[in-house]
>>> print(open('input.tsv').read())   # TSV, C-alpha atoms (C1' of nucleotides)
chain	number	residue	atom	x	y	z
D	724	MET	CA	5.29	-19.48	4.25
D	725	GLN	CA	4.08	-17.08	6.91
D	726	PRO	CA	1.31	-14.52	6.44
D	727	ASP	CA	3.69	-11.66	7.05
D	728	THR	CA	5.97	-12.84	4.27
D	729	VAL	CA	3.03	-13.25	1.92
D	730	ILE	CA	1.77	-9.78	2.75
D	731	ARG	CA	5.14	-8.24	1.92
D	732	ALA	CA	5.23	-10.10	-1.38
D	733	LEU	CA	1.68	-9.10	-2.30
D	734	ALA	CA	2.38	-5.49	-1.40
D	735	ALA	CA	5.47	-5.56	-3.58
D	736	LEU	CA	3.48	-6.81	-6.57
D	737	ALA	CA	0.53	-4.48	-5.94
D	738	GLN	CA	2.10	-1.55	-7.73
D	739	GLU	CA	2.05	-0.82	-11.44
D	740	HIS	CA	5.78	-0.38	-11.98
D	741	ARG	CA	6.85	-3.20	-9.69
D	742	LEU	CA	4.42	-5.65	-11.24
D	743	ALA	CA	5.74	-4.66	-14.66
D	744	ALA	CA	9.33	-5.00	-13.49
D	745	PHE	CA	8.69	-8.39	-11.98
D	746	ARG	CA	7.09	-9.58	-15.19
D	747	LEU	CA	10.19	-8.49	-17.08
D	748	LEU	CA	12.34	-10.43	-14.62
D	749	VAL	CA	10.19	-13.51	-15.07
D	750	VAL	CA	10.65	-13.29	-18.82
D	751	ALA	CA	14.37	-12.69	-18.37
D	752	GLY	CA	14.67	-15.88	-16.36
D	753	PRO	CA	17.42	-16.84	-13.91
D	754	GLU	CA	20.04	-14.77	-15.74
D	755	GLY	CA	18.17	-11.66	-14.75
D	756	MET	CA	18.42	-8.12	-16.07
D	757	PRO	CA	20.44	-5.01	-15.17
D	758	ALA	CA	18.59	-2.21	-13.34
D	759	GLY	CA	19.19	0.23	-16.17
D	760	ALA	CA	17.60	-2.03	-18.76
D	761	ILE	CA	14.50	-2.39	-16.60
D	762	ALA	CA	14.29	1.35	-16.11
D	763	ASP	CA	14.66	1.93	-19.85
D	764	GLU	CA	11.98	-0.62	-20.63
D	765	LEU	CA	9.54	0.95	-18.18
D	766	GLY	CA	10.51	4.54	-18.90
D	767	LEU	CA	11.28	5.39	-15.29
D	768	PRO	CA	14.06	7.55	-13.81
D	769	ALA	CA	16.89	5.47	-12.38
D	770	SER	CA	16.24	6.57	-8.82
D	771	SER	CA	12.57	5.63	-8.98
D	772	MET	CA	13.41	2.27	-10.49
D	773	SER	CA	16.02	1.64	-7.81
D	774	PHE	CA	13.42	2.34	-5.15
D	775	HIS	CA	11.00	-0.20	-6.61
D	776	LEU	CA	13.62	-2.87	-7.25
D	777	ALA	CA	14.78	-2.56	-3.67
D	778	GLN	CA	11.24	-3.28	-2.55
D	779	LEU	CA	11.06	-6.41	-4.67
D	780	VAL	CA	14.32	-7.58	-3.12
D	781	HIS	CA	13.18	-6.71	0.38
D	782	ALA	CA	9.98	-8.64	-0.23
D	783	GLY	CA	12.08	-11.64	-1.22
D	784	LEU	CA	10.76	-11.75	-4.76
D	785	ALA	CA	14.00	-10.79	-6.46
D	786	THR	CA	17.72	-11.19	-5.98
D	787	GLN	CA	20.46	-8.71	-6.65
D	788	ARG	CA	24.05	-9.29	-7.78
D	789	ARG	CA	26.71	-7.03	-9.14
D	790	GLN	CA	28.31	-7.78	-12.46
D	791	SER	CA	30.92	-5.24	-13.37
D	792	ARG	CA	29.26	-1.86	-13.31
D	793	SER	CA	25.75	-3.23	-13.55
D	794	ILE	CA	23.52	-4.60	-10.85
D	795	ILE	CA	21.57	-7.56	-12.12
D	796	TYR	CA	18.14	-8.31	-10.73
D	797	ALA	CA	16.53	-11.71	-11.10
D	798	ALA	CA	13.14	-13.09	-10.10
D	799	ASP	CA	13.13	-15.50	-7.17
D	800	PHE	CA	10.88	-18.23	-8.50
D	801	ASP	CA	10.91	-20.20	-5.28
D	802	ALA	CA	9.52	-17.21	-3.40
D	803	MET	CA	6.81	-16.76	-6.01
D	804	ARG	CA	5.99	-20.43	-5.75
D	805	GLY	CA	5.64	-19.97	-2.01
D	806	VAL	CA	3.20	-17.11	-2.48
D	807	MET	CA	1.14	-19.11	-4.95
D	808	GLY	CA	1.10	-22.04	-2.55
D	809	TYR	CA	-0.10	-19.88	0.31
D	810	LEU	CA	-2.87	-18.34	-1.77
D	811	THR	CA	-3.97	-21.72	-3.06
D	812	ASP	CA	-4.02	-23.19	0.43
D	813	ASN	CA	-5.60	-20.28	2.27
D	814	CYS	CA	-7.44	-18.02	-0.11
D	815	CYS	CA	-9.11	-20.42	-2.49
D	816	GLY	CA	-12.13	-22.57	-1.92
D	817	GLY	CA	-10.65	-26.02	-2.30
D	818	ALA	CA	-9.03	-26.99	-5.57
D	819	SER	CA	-11.46	-24.96	-7.66
D	820	CYS	CA	-9.19	-21.95	-7.43
D	821	SER	CA	-6.10	-23.78	-8.56
D	822	PRO	CA	-4.63	-22.11	-11.61
D	823	VAL	CA	-4.00	-25.54	-13.12
D	824	ASP	CA	-7.40	-26.76	-14.16
D	825	SER	CA	-8.21	-30.41	-13.91
D	826	GLU	CA	-9.09	-30.67	-17.59
D	827	ASN	CA	-5.82	-29.07	-18.52
D	828	SER	CA	-3.06	-31.63	-18.38
D	829	GLY	CA	-0.88	-29.39	-16.30
D	830	GLU	CA	0.36	-26.58	-18.50
D	831	ARG	CA	-1.26	-23.21	-18.78
D	832	SER	CA	1.26	-21.36	-20.91
D	833	ALA	CA	-0.34	-18.51	-22.83
D	834	ALA	CA	-3.96	-17.53	-22.65
P	1458	MET	CA	-7.90	-10.10	-16.39
P	1459	GLN	CA	-6.22	-6.73	-16.72
P	1460	PRO	CA	-3.13	-5.66	-14.78
P	1461	ASP	CA	-5.01	-2.83	-13.12
P	1462	THR	CA	-7.63	-5.24	-11.78
P	1463	VAL	CA	-4.93	-7.58	-10.53
P	1464	ILE	CA	-3.11	-4.71	-8.82
P	1465	ARG	CA	-6.25	-3.68	-6.97
P	1466	ALA	CA	-6.82	-7.25	-5.84
P	1467	LEU	CA	-3.22	-7.71	-4.71
P	1468	ALA	CA	-3.30	-4.41	-2.84
P	1469	ALA	CA	-6.50	-5.49	-1.13
P	1470	LEU	CA	-4.91	-8.73	0.08
P	1471	ALA	CA	-1.62	-7.08	1.03
P	1472	GLN	CA	-2.83	-5.99	4.44
P	1473	GLU	CA	-2.89	-8.02	7.61
P	1474	HIS	CA	-6.55	-7.52	8.53
P	1475	ARG	CA	-7.87	-7.80	5.01
P	1476	LEU	CA	-5.95	-10.98	4.30
P	1477	ALA	CA	-7.29	-12.42	7.56
P	1478	ALA	CA	-10.82	-11.30	6.69
P	1479	PHE	CA	-10.61	-12.80	3.22
P	1480	ARG	CA	-9.41	-16.10	4.66
P	1481	LEU	CA	-12.43	-16.14	6.96
P	1482	LEU	CA	-14.69	-15.51	3.97
P	1483	VAL	CA	-13.04	-18.34	2.07
P	1484	VAL	CA	-13.70	-20.69	4.98
P	1485	ALA	CA	-17.25	-19.38	5.29
P	1486	GLY	CA	-17.93	-20.24	1.65
P	1487	PRO	CA	-20.63	-18.81	-0.61
P	1488	GLU	CA	-23.00	-18.19	2.30
P	1489	GLY	CA	-20.62	-15.58	3.60
P	1490	MET	CA	-20.43	-13.94	6.99
P	1491	PRO	CA	-21.86	-10.78	8.59
P	1492	ALA	CA	-19.54	-7.82	9.07
P	1493	GLY	CA	-19.90	-7.92	12.83
P	1494	ALA	CA	-18.84	-11.55	13.06
P	1495	ILE	CA	-15.72	-10.81	11.06
P	1496	ALA	CA	-14.91	-7.82	13.25
P	1497	ASP	CA	-15.41	-9.91	16.39
P	1498	GLU	CA	-13.20	-12.67	15.05
P	1499	LEU	CA	-10.41	-10.25	14.19
P	1500	GLY	CA	-10.88	-8.03	17.23
P	1501	LEU	CA	-11.30	-4.85	15.24
P	1502	PRO	CA	-13.64	-1.88	15.80
P	1503	ALA	CA	-16.66	-1.96	13.51
P	1504	SER	CA	-15.63	1.16	11.65
P	1505	SER	CA	-12.16	-0.16	10.89
P	1506	MET	CA	-13.57	-3.47	9.72
P	1507	SER	CA	-16.07	-1.69	7.52
P	1508	PHE	CA	-13.24	0.24	5.93
P	1509	HIS	CA	-11.33	-2.93	5.07
P	1510	LEU	CA	-14.35	-4.88	3.88
P	1511	ALA	CA	-15.24	-2.01	1.56
P	1512	GLN	CA	-11.79	-2.30	0.04
P	1513	LEU	CA	-12.21	-6.01	-0.58
P	1514	VAL	CA	-15.51	-5.30	-2.30
P	1515	HIS	CA	-14.05	-2.45	-4.32
P	1516	ALA	CA	-11.21	-4.71	-5.40
P	1517	GLY	CA	-13.79	-7.21	-6.60
P	1518	LEU	CA	-12.72	-9.93	-4.18
P	1519	ALA	CA	-15.88	-9.91	-2.10
P	1520	THR	CA	-19.58	-9.30	-2.48
P	1521	GLN	CA	-21.98	-7.59	-0.12
P	1522	ARG	CA	-25.64	-8.23	0.53
P	1523	ARG	CA	-28.01	-7.14	3.21
P	1524	GLN	CA	-29.88	-9.72	5.23
P	1525	SER	CA	-32.13	-8.14	7.78
P	1526	ARG	CA	-29.97	-5.88	9.92
P	1527	SER	CA	-26.74	-7.60	8.98
P	1528	ILE	CA	-24.60	-7.07	5.93
P	1529	ILE	CA	-23.22	-10.35	4.70
P	1530	TYR	CA	-19.86	-10.45	2.96
P	1531	ALA	CA	-18.79	-13.36	0.81
P	1532	ALA	CA	-15.61	-14.18	-1.08
P	1533	ASP	CA	-15.79	-13.89	-4.84
P	1534	PHE	CA	-14.06	-17.08	-5.88
P	1535	ASP	CA	-14.18	-16.28	-9.58
P	1536	ALA	CA	-12.23	-13.08	-8.97
P	1537	MET	CA	-9.66	-14.94	-6.92
P	1538	ARG	CA	-9.37	-17.51	-9.67
P	1539	GLY	CA	-8.74	-14.69	-12.09
P	1540	VAL	CA	-5.94	-13.33	-9.95
P	1541	MET	CA	-4.36	-16.76	-9.63
P	1542	GLY	CA	-4.58	-17.23	-13.37
P	1543	TYR	CA	-2.91	-13.91	-14.05
P	1544	LEU	CA	-0.08	-14.63	-11.65
P	1545	THR	CA	0.43	-18.09	-13.07
P	1546	ASP	CA	0.46	-16.78	-16.62
P	1547	ASN	CA	2.55	-13.66	-16.07
P	1548	CYS	CA	4.57	-13.95	-12.91
P	1549	CYS	CA	5.72	-17.53	-12.92
P	1550	GLY	CA	8.34	-19.15	-15.06
P	1551	GLY	CA	6.15	-21.50	-17.03
P	1552	ALA	CA	4.44	-24.24	-15.05
P	1553	SER	CA	7.29	-24.43	-12.57
P	1554	CYS	CA	5.52	-22.00	-10.28
P	1555	SER	CA	2.53	-24.25	-9.84
P	1556	PRO	CA	2.12	-25.07	-6.17
P	1557	VAL	CA	2.40	-28.82	-6.64
P	1558	ASP	CA	2.99	-29.49	-2.95
P	1559	SER	CA	-0.08	-27.68	-1.73
P	1560	GLU	CA	-1.73	-30.93	-0.60
P	1561	ASN	CA	0.99	-32.42	1.52
P	1562	SER	CA	2.60	-29.27	2.85
P	1563	GLY	CA	1.00	-29.26	6.24
P	1564	GLU	CA	1.65	-25.57	6.64
P	1565	ARG	CA	-1.27	-23.91	8.24
P	1566	SER	CA	-0.32	-20.68	9.90
P	1567	ALA	CA	-2.81	-18.50	11.65
P	1568	ALA	CA	-3.38	-15.01	10.40
W	730	DT	C1'	44.87	9.50	-11.99
W	731	DC	C1'	40.87	11.07	-14.28
W	732	DC	C1'	36.72	10.42	-16.63
W	733	DA	C1'	32.63	7.92	-18.06
W	734	DT	C1'	29.19	4.59	-16.78
W	735	DA	C1'	25.76	2.28	-13.72
W	736	DT	C1'	23.31	2.51	-9.76
W	737	DT	C1'	22.08	3.92	-5.14
W	738	DT	C1'	21.17	7.16	-1.39
W	739	DC	C1'	19.49	11.54	0.14
W	740	DG	C1'	16.09	15.16	0.67
W	741	DA	C1'	11.93	17.20	-0.07
W	742	DT	C1'	7.16	16.79	-1.29
W	743	DA	C1'	2.60	14.93	-2.64
W	744	DT	C1'	-0.43	11.23	-2.22
W	745	DT	C1'	-2.44	7.32	-0.24
W	746	DT	C1'	-3.52	4.35	3.58
W	747	DA	C1'	-4.79	2.92	8.33
W	748	DT	C1'	-6.87	4.00	12.55
W	749	DC	C1'	-10.86	4.68	15.55
W	750	DG	C1'	-14.50	7.37	18.10
W	751	DA	C1'	-18.66	9.79	17.23
W	752	DA	C1'	-22.54	10.43	14.59
W	753	DA	C1'	-25.69	8.97	11.04
W	754	DC	C1'	-28.31	5.37	8.64
W	755	DA	C1'	-31.17	1.20	8.06
W	756	DT	C1'	-33.84	-2.53	9.96
W	757	DT	C1'	-36.52	-5.08	13.29
W	758	DG	C1'	-39.51	-5.72	17.22
W	759	DG	C1'	-42.31	-4.05	21.01
F	1302	DC	C1'	-43.35	5.71	17.28
F	1303	DC	C1'	-39.46	4.49	20.01
F	1304	DA	C1'	-35.61	1.86	21.30
F	1305	DA	C1'	-32.18	-1.62	20.24
F	1306	DT	C1'	-29.12	-3.68	16.91
F	1307	DG	C1'	-25.83	-3.88	13.05
F	1308	DT	C1'	-23.27	-1.32	10.03
F	1309	DT	C1'	-21.55	2.64	7.53
F	1310	DT	C1'	-19.95	7.42	6.95
F	1311	DC	C1'	-17.53	11.34	8.72
F	1312	DG	C1'	-13.61	13.73	10.66
F	1313	DA	C1'	-9.28	14.10	12.25
F	1314	DT	C1'	-4.71	12.33	12.60
F	1315	DA	C1'	-0.67	9.39	12.11
F	1316	DA	C1'	2.04	6.61	9.21
F	1317	DA	C1'	3.52	4.65	4.97
F	1318	DT	C1'	4.36	5.10	-0.01
F	1319	DA	C1'	5.64	7.14	-4.59
F	1320	DT	C1'	8.07	10.52	-7.00
F	1321	DC	C1'	12.30	12.44	-8.95
F	1322	DG	C1'	16.44	15.58	-9.21
F	1323	DA	C1'	20.84	16.08	-7.15
F	1324	DA	C1'	24.62	14.20	-4.96
F	1325	DA	C1'	27.23	10.21	-3.51
F	1326	DT	C1'	29.11	5.51	-4.31
F	1327	DA	C1'	31.28	1.72	-7.09
F	1328	DT	C1'	33.53	0.00	-11.20
F	1329	DG	C1'	36.22	-0.15	-15.40
F	1330	DG	C1'	39.13	1.76	-18.85
F	1331	DA	C1'	42.37	5.21	-21.10
>>> encode(input="input.tsv", output="structure tokens")
Amino acid sequence: MQPDTVIRALAALAQEHRLAAFRLLVVAGPEGMPAGAIADELGLPASSMSFHLAQLVHAGLATQRRQSRSIIYAADFDAMRGVMGYLTDNCCGGASCSPVDSENSGERSAA
Amino acid sequence: MQPDTVIRALAALAQEHRLAAFRLLVVAGPEGMPAGAIADELGLPASSMSFHLAQLVHAGLATQRRQSRSIIYAADFDAMRGVMGYLTDNCCGGASCSPVDSENSGERSAA
DNA sequence: TCCATATTTCGATATTTATCGAAACATTGG
DNA sequence: CCAATGTTTCGATAAATATCGAAATATGGA
């Protein structure tokens, strides 16, 4: 993953409403969530939400598909994995920054 | 780690020169690096570099200490760990987002 | 066809961010 | 005390971003 791609992804997540939206998409899983439901959940006007969702898509962190009248957004987990990989490789001092601690057997579900 | 803190950190890293600077600090380790050396490395005017380094410090990702005439910046690895933990916990679908291939993916792009 | 629903695009505006030279500030050495 | 060095702060400006109502664009159903 190239620095420019990472920067776009980080910029997309570095905003209150987009981070919240992305978290909703992560919870929603591969099936995704319609734009209106996300806007309702976050209490944002449709046009503002559309603006932010478009940025997530443009950053490669979310996908977009139409289903009847709704447009369904879904998190792109591969892209997020790529970002995490880049940060681990380039922005962490060795393995000490790895989110999966050595004592933990590999799962870090809820904290 | 609170969303607001994470957002500030992500915003700090979501900029070409700051991401490059932070990577230099990560390589430099706890001893850190003087502002001038970072500016030289990145080919930026001192005032621009100072602006970006201040943002890294304000975001909590770097520390600042004076040593004689130089001001030494160093990466705050705990803060970075905190960011990684938040992303893993909240922005990844379970453990599937863990960068398992970080060791053998020979990707090493320059910033 | 006509209307309701779901979402995006447009337009205008306010805020934030990035840039960099010049000037100011702090520290060291002569 | 004065000059040199390393860095920050100031000022001005350009560019990007966030906001949201209104209008436009799809889709589905009566």
>>> calpha_fit_rmsd(input="input.tsv", fixed="chain P", moving="chain D")
3.4 Å
>>> axis_aligned_box(input="input.tsv", around="segment 1305-1310 of chain F", padding_each_side="6 Å", output="AutoDock Vina command-line options")
--center_x -26.1 --center_y 1.8 --center_z 13.6 --size_x 24.2 --size_y 23.3 --size_z 25.3
>>> interface_residues(input="input.tsv", of="chain W", to="chain D", cutoff="8 Å", atoms="only C-alpha atoms (C1' of nucleotides)", output="list in words")
DT734, DA735, DT736 and DT737 of chain W
>>> closest_residue(input="input.tsv", among="P:Leu1467, P:Ala1496, P:Ala1532, P:Cys1548", to="Phe745 of chain D", atoms="all atoms listed in the file")
P:Cys1548
>>> atom_distance(input="input.tsv", atom1="atom CA of Leu747 of chain D", atom2="atom CA of Glu1473 of chain P")
27.9 Å
>>> interface_residues(input="input.tsv", of="chain F", to="chain P", cutoff="10 Å", atoms="only C-alpha atoms (C1' of nucleotides)", output="JSON, numbers by chain")
{"F": [1306, 1307, 1308, 1309, 1310]}
>>> residues_near_point(input="input.tsv", point="(2.1, 3.8, 14.6)", cutoff="10 Å", atoms="only C-alpha atoms (C1' of nucleotides)", output="mmCIF file with C-alpha atoms (C1' of nucleotides), keeping the file's coordinate frame")
data_model
loop_
_atom_site.group_PDB
_atom_site.id
_atom_site.type_symbol
_atom_site.label_atom_id
_atom_site.label_comp_id
_atom_site.auth_asym_id
_atom_site.auth_seq_id
_atom_site.Cartn_x
_atom_site.Cartn_y
_atom_site.Cartn_z
ATOM 1 C "C1'" DA W 747 -4.790 2.920 8.330
ATOM 2 C "C1'" DT W 748 -6.870 4.000 12.550
ATOM 3 C "C1'" DA F 1315 -0.670 9.390 12.110
ATOM 4 C "C1'" DA F 1316 2.040 6.610 9.210
ATOM 5 C "C1'" DA F 1317 3.520 4.650 4.970
#
>>> closest_residue(input="input.tsv", among="P:Thr1462, P:Glu1498, P:Val1483, P:Ala1477", to="chain D", atoms="only C-alpha atoms")
P:Val1483
>>> decode(input="input.tsv", residues="segment 1309-1329 of chain F", atoms="N, CA and C atoms (P, O5', C5', C4', C3', O3' and C1' of nucleotides)", output="mmCIF file, in the first residue's frame")
data_model
loop_
_atom_site.group_PDB
_atom_site.id
_atom_site.type_symbol
_atom_site.label_atom_id
_atom_site.label_comp_id
_atom_site.auth_asym_id
_atom_site.auth_seq_id
_atom_site.Cartn_x
_atom_site.Cartn_y
_atom_site.Cartn_z
ATOM 1 P P DT F 1309 10.683 24.183 16.468
ATOM 2 O "O5'" DT F 1309 10.077 25.615 16.799
ATOM 3 C "C5'" DT F 1309 10.200 26.121 18.142
ATOM 4 C "C4'" DT F 1309 9.707 27.560 18.187
ATOM 5 C "C3'" DT F 1309 8.229 27.707 17.825
ATOM 6 O "O3'" DT F 1309 7.588 28.377 18.901
ATOM 7 C "C1'" DT F 1309 9.570 29.229 16.574
ATOM 8 P P DT F 1310 6.021 28.584 18.890
ATOM 9 O "O5'" DT F 1310 5.840 30.047 18.268
ATOM 10 C "C5'" DT F 1310 6.325 31.172 19.005
ATOM 11 C "C4'" DT F 1310 6.099 32.436 18.196
ATOM 12 C "C3'" DT F 1310 4.647 32.667 17.775
ATOM 13 O "O3'" DT F 1310 4.334 34.016 18.094
ATOM 14 C "C1'" DT F 1310 6.070 32.834 15.901
ATOM 15 P P DC F 1311 2.866 34.596 17.912
ATOM 16 O "O5'" DC F 1311 2.985 35.457 16.574
ATOM 17 C "C5'" DC F 1311 4.033 36.419 16.479
ATOM 18 C "C4'" DC F 1311 4.038 37.064 15.105
ATOM 19 C "C3'" DC F 1311 2.651 37.390 14.540
ATOM 20 O "O3'" DC F 1311 2.685 38.717 14.032
ATOM 21 C "C1'" DC F 1311 3.901 36.154 12.966
ATOM 22 P P DG F 1312 1.318 39.519 13.822
ATOM 23 O "O5'" DG F 1312 1.195 39.531 12.231
ATOM 24 C "C5'" DG F 1312 2.319 39.916 11.453
ATOM 25 C "C4'" DG F 1312 2.061 39.666 9.981
ATOM 26 C "C3'" DG F 1312 0.596 39.754 9.567
ATOM 27 O "O3'" DG F 1312 0.466 40.592 8.426
ATOM 28 C "C1'" DG F 1312 1.537 37.692 8.853
ATOM 29 P P DA F 1313 -0.987 41.003 7.880
ATOM 30 O "O5'" DA F 1313 -0.803 40.819 6.312
ATOM 31 C "C5'" DA F 1313 0.466 40.436 5.765
ATOM 32 C "C4'" DA F 1313 0.277 39.386 4.689
ATOM 33 C "C3'" DA F 1313 -1.122 39.355 4.073
ATOM 34 O "O3'" DA F 1313 -0.997 39.473 2.661
ATOM 35 C "C1'" DA F 1313 -0.417 37.173 4.690
ATOM 36 P P DT F 1314 -2.326 39.523 1.740
ATOM 37 O "O5'" DT F 1314 -2.325 38.062 1.105
ATOM 38 C "C5'" DT F 1314 -1.092 37.497 0.661
ATOM 39 C "C4'" DT F 1314 -1.307 36.066 0.231
ATOM 40 C "C3'" DT F 1314 -2.641 35.820 -0.484
ATOM 41 O "O3'" DT F 1314 -2.383 35.092 -1.665
ATOM 42 C "C1'" DT F 1314 -2.355 34.263 1.232
ATOM 43 P P DA F 1315 -3.500 34.913 -2.798
ATOM 44 O "O5'" DA F 1315 -3.488 33.332 -2.967
ATOM 45 C "C5'" DA F 1315 -2.243 32.650 -3.012
ATOM 46 C "C4'" DA F 1315 -2.472 31.178 -2.786
ATOM 47 C "C3'" DA F 1315 -3.653 30.612 -3.579
ATOM 48 O "O3'" DA F 1315 -3.238 29.375 -4.140
ATOM 49 C "C1'" DA F 1315 -3.965 30.215 -1.260
ATOM 50 P P DA F 1316 -4.178 28.587 -5.154
ATOM 51 O "O5'" DA F 1316 -4.731 27.407 -4.236
ATOM 52 C "C5'" DA F 1316 -3.802 26.585 -3.554
ATOM 53 C "C4'" DA F 1316 -4.541 25.708 -2.575
ATOM 54 C "C3'" DA F 1316 -5.743 24.982 -3.183
ATOM 55 O "O3'" DA F 1316 -5.530 23.593 -2.988
ATOM 56 C "C1'" DA F 1316 -6.302 25.979 -1.102
ATOM 57 P P DA F 1317 -6.544 22.514 -3.600
ATOM 58 O "O5'" DA F 1317 -7.192 21.931 -2.267
ATOM 59 C "C5'" DA F 1317 -6.349 21.551 -1.204
ATOM 60 C "C4'" DA F 1317 -7.173 21.354 0.049
ATOM 61 C "C3'" DA F 1317 -8.361 20.401 -0.113
ATOM 62 O "O3'" DA F 1317 -8.300 19.484 0.953
ATOM 63 C "C1'" DA F 1317 -9.048 22.432 0.875
ATOM 64 P P DT F 1318 -9.350 18.280 1.016
ATOM 65 O "O5'" DT F 1318 -10.395 18.825 2.086
ATOM 66 C "C5'" DT F 1318 -9.934 19.176 3.364
ATOM 67 C "C4'" DT F 1318 -11.090 19.660 4.202
ATOM 68 C "C3'" DT F 1318 -12.315 18.744 4.140
ATOM 69 O "O3'" DT F 1318 -12.596 18.351 5.469
ATOM 70 C "C1'" DT F 1318 -12.900 21.022 3.842
ATOM 71 P P DA F 1319 -13.832 17.427 5.818
ATOM 72 O "O5'" DA F 1319 -14.945 18.485 6.237
ATOM 73 C "C5'" DA F 1319 -14.697 19.328 7.335
ATOM 74 C "C4'" DA F 1319 -15.973 20.056 7.725
ATOM 75 C "C3'" DA F 1319 -17.230 19.188 7.721
ATOM 76 O "O3'" DA F 1319 -17.983 19.494 8.883
ATOM 77 C "C1'" DA F 1319 -17.490 21.027 6.234
ATOM 78 P P DT F 1320 -19.359 18.784 9.204
ATOM 79 O "O5'" DT F 1320 -20.439 19.803 8.656
ATOM 80 C "C5'" DT F 1320 -20.457 21.132 9.150
ATOM 81 C "C4'" DT F 1320 -21.481 21.941 8.417
ATOM 82 C "C3'" DT F 1320 -22.766 21.175 8.129
ATOM 83 O "O3'" DT F 1320 -23.737 21.516 9.087
ATOM 84 C "C1'" DT F 1320 -22.056 22.546 6.275
ATOM 85 P P DC F 1321 -25.076 20.700 9.257
ATOM 86 O "O5'" DC F 1321 -26.028 21.307 8.130
ATOM 87 C "C5'" DC F 1321 -26.341 22.691 8.153
ATOM 88 C "C4'" DC F 1321 -27.108 23.035 6.895
ATOM 89 C "C3'" DC F 1321 -28.214 22.021 6.573
ATOM 90 O "O3'" DC F 1321 -29.360 22.717 6.134
ATOM 91 C "C1'" DC F 1321 -26.843 22.348 4.720
ATOM 92 P P DG F 1322 -30.798 22.149 6.463
ATOM 93 O "O5'" DG F 1322 -31.691 22.983 5.436
ATOM 94 C "C5'" DG F 1322 -31.536 24.398 5.399
ATOM 95 C "C4'" DG F 1322 -31.742 24.911 3.983
ATOM 96 C "C3'" DG F 1322 -32.983 24.360 3.285
ATOM 97 O "O3'" DG F 1322 -33.583 25.413 2.527
ATOM 98 C "C1'" DG F 1322 -31.053 23.801 2.031
ATOM 99 P P DA F 1323 -34.971 25.198 1.810
ATOM 100 O "O5'" DA F 1323 -34.560 25.036 0.272
ATOM 101 C "C5'" DA F 1323 -33.729 26.032 -0.318
ATOM 102 C "C4'" DA F 1323 -33.416 25.651 -1.754
ATOM 103 C "C3'" DA F 1323 -34.596 25.063 -2.521
ATOM 104 O "O3'" DA F 1323 -34.570 25.569 -3.851
ATOM 105 C "C1'" DA F 1323 -32.814 23.525 -2.521
ATOM 106 P P DA F 1324 -35.780 25.235 -4.858
ATOM 107 O "O5'" DA F 1324 -35.087 24.291 -5.939
ATOM 108 C "C5'" DA F 1324 -33.893 24.755 -6.564
ATOM 109 C "C4'" DA F 1324 -33.206 23.606 -7.281
ATOM 110 C "C3'" DA F 1324 -34.125 22.830 -8.229
ATOM 111 O "O3'" DA F 1324 -33.464 22.684 -9.472
ATOM 112 C "C1'" DA F 1324 -33.039 21.344 -6.743
ATOM 113 P P DA F 1325 -34.167 21.964 -10.708
ATOM 114 O "O5'" DA F 1325 -33.352 20.592 -10.769
ATOM 115 C "C5'" DA F 1325 -31.944 20.637 -10.951
ATOM 116 C "C4'" DA F 1325 -31.369 19.241 -10.867
ATOM 117 C "C3'" DA F 1325 -32.014 18.232 -11.824
ATOM 118 O "O3'" DA F 1325 -30.988 17.506 -12.482
ATOM 119 C "C1'" DA F 1325 -32.052 17.402 -9.620
ATOM 120 P P DT F 1326 -31.339 16.529 -13.684
ATOM 121 O "O5'" DT F 1326 -31.188 15.106 -13.042
ATOM 122 C "C5'" DT F 1326 -29.996 14.763 -12.379
ATOM 123 C "C4'" DT F 1326 -30.160 13.424 -11.723
ATOM 124 C "C3'" DT F 1326 -30.817 12.381 -12.608
ATOM 125 O "O3'" DT F 1326 -29.853 11.374 -12.852
ATOM 126 C "C1'" DT F 1326 -31.687 12.349 -10.396
ATOM 127 P P DA F 1327 -30.134 10.055 -13.629
ATOM 128 O "O5'" DA F 1327 -30.622 9.152 -12.433
ATOM 129 C "C5'" DA F 1327 -31.209 7.920 -12.735
ATOM 130 C "C4'" DA F 1327 -31.353 7.194 -11.425
ATOM 131 C "C3'" DA F 1327 -32.226 5.972 -11.620
ATOM 132 O "O3'" DA F 1327 -31.590 4.881 -11.001
ATOM 133 C "C1'" DA F 1327 -33.159 7.408 -9.950
ATOM 134 P P DT F 1328 -31.900 3.435 -11.577
ATOM 135 O "O5'" DT F 1328 -33.167 3.007 -10.718
ATOM 136 C "C5'" DT F 1328 -33.031 2.979 -9.306
ATOM 137 C "C4'" DT F 1328 -34.378 2.893 -8.651
ATOM 138 C "C3'" DT F 1328 -35.324 1.872 -9.290
ATOM 139 O "O3'" DT F 1328 -35.403 0.775 -8.400
ATOM 140 C "C1'" DT F 1328 -36.420 3.875 -8.597
ATOM 141 P P DG F 1329 -36.159 -0.538 -8.786
ATOM 142 O "O5'" DG F 1329 -37.585 -0.270 -8.136
ATOM 143 C "C5'" DG F 1329 -37.654 0.057 -6.758
ATOM 144 C "C4'" DG F 1329 -39.091 0.360 -6.376
ATOM 145 C "C3'" DG F 1329 -40.106 -0.639 -6.952
ATOM 146 O "O3'" DG F 1329 -40.909 -1.105 -5.880
ATOM 147 C "C1'" DG F 1329 -40.720 1.596 -7.484
#
